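A short worksheet on the structure shown next.
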Amino acid sequence: MMIRSKAPLRLGLAGGGSDVSPYSDLYGGNVLNATINLAAYCTIEPLHRPVIQVFAADAGIRTELPMGTGPVNTGALLIDGVYNRVIRDFGPVPAPGFAITTYNDAPVGSGLGTSSTMVVCILKCFAEWMGIPLGDYELARLAYEIERKDLLLSGPEASKTSMPLLSAVLILWNSFPVTW
């Protein structure tokens, strides 16, 4: 059985600077985002061997580690962050090992929300595989916490809501800061 997820990348159409701290912390922000026909992808394949195989195509990382019970450090930051949070909050994965593959249609740093979208993609794969009942808002909150709090990655406030909710067009008026 393979578990796959795909999430669209976003294009900021208006208000892009108003959702970046410290401006958004002081004045709020108004942004208009739309998803585009580029996406982030994740595939998890359970394995019968006690290993974690990682292939993060966009990061150029291919590695294999012995499966353990604790946090991992494969060098693939987003995969590590999601996996470590999932096993901390929800327990071990339901197989002796697994292979995970991720890639983006756009390069990291393109301004299209690649990291936020990838966190959502990876998290959705693990949630489906492990039977974790995450609705859209729970997925959005957890993805935000992993990216911003666990991994300490910075980015626009719109990533808190627009990417994880995967809307075709999302208009956020005076909705910042979002507090979780």
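Residue names in the structure tokens use chain letters A, B, ... in the order shown, residue numbers from 1 in each chain, and ligand numbers from 1 in the order shown.
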
Which polymer residues have any atom within 7 Å of an atom of Asp58 of chain A, counting only C-alpha atoms, with same-chain residues fewer than 2 positions away left out, as a list in words? Ala56, Gly60, Tyr103, Asn104 and Pro107 of chain A

Produce a file of the selected residues containing N, CA and C atoms, as a compact mmCIF listing (two decimals), in the first residue's frame.
```
# COMPACT_ATOMS: atom_id res chain seq x y z
N ALA A 56 14.28 13.13 -0.67
CA ALA A 56 13.74 14.48 -0.79
C ALA A 56 14.34 15.07 -2.06
N GLY A 60 17.70 17.31 -2.72
CA GLY A 60 18.83 16.49 -3.15
C GLY A 60 19.30 15.51 -2.09
N TYR A 103 8.74 15.84 -3.35
CA TYR A 103 9.27 16.76 -4.35
C TYR A 103 8.27 17.87 -4.61
N ASN A 104 8.80 18.97 -5.14
CA ASN A 104 8.02 20.16 -5.47
C ASN A 104 8.15 20.44 -6.96
N PRO A 107 11.03 25.46 -7.28
CA PRO A 107 12.19 25.41 -6.38
C PRO A 107 11.90 26.05 -5.02
```

For Met1 of chain A, find every residue with an atom within 10 Å (counting only C-alpha atoms), except residues of its own chain fewer than 4 positions away, and show them as a PyMOL selection string. chain A and resi 44-47+129

From atom CA of Phe55 of chain A to atom CA of Ala76 of chain A the spacing works out at 8.4 Å

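Compared by their closest atoms to Pro94 of chain A, and using only C-alpha atoms, the residues A:Ala127, A:Ile79, A:Ala7, A:Ala14 rank with A:Ala127 nearest.
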
Mind checking DSSP for chain A and telling me the helix (DSSP H, G or I) residues as an MDAnalysis selection string? chainID A and resid 16:19 23:27 57:59 77:90 114:130 136:150 157:160 162:165

Would you pick out the contacts of Gly111 of chain A at 8 Å or less, using only C-alpha atoms, so that residues sharing its chain but fewer than 3 positions from it are not included, and give the list as a list in words? Leu11, Val108 and Thr114 of chain A

Residue list (strand (DSSP E or B), DSSP) for chain A, as a count of residues only: 53

Among listed residues A:Thr102, A:Ser5, A:Gln53, A:Asn37, nearest Leu78 of chain A (using only C-alpha atoms):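 Looking at the shortest contact to Leu78 of chain A, the residue is A:Thr102.
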
Nearest candidate to Ile100 of chain A (options A:Met2, A:Val119, A:Ile36, A:Leu151; using only C-alpha atoms):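 The closest residue to Ile100 of chain A is A:Met2.
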
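Surrounding segment 67-69 of chain A within 10 Å are Arg49, Pro50, Val51, Ile52, Gln53, Glu64, Leu65, Pro71, Val72, Asn84, Ile87, Arg88, Gly91, Pro92, Val93, Pro96, Gly97 and Phe98 of chain A, with only C-alpha atoms counted and residues fewer than 2 positions along the same chain left out.
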
What is the atom CA of Ile3 of chain A to atom CA of Asn33 of chain A distance in Å?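 The value is 28.0 Å.
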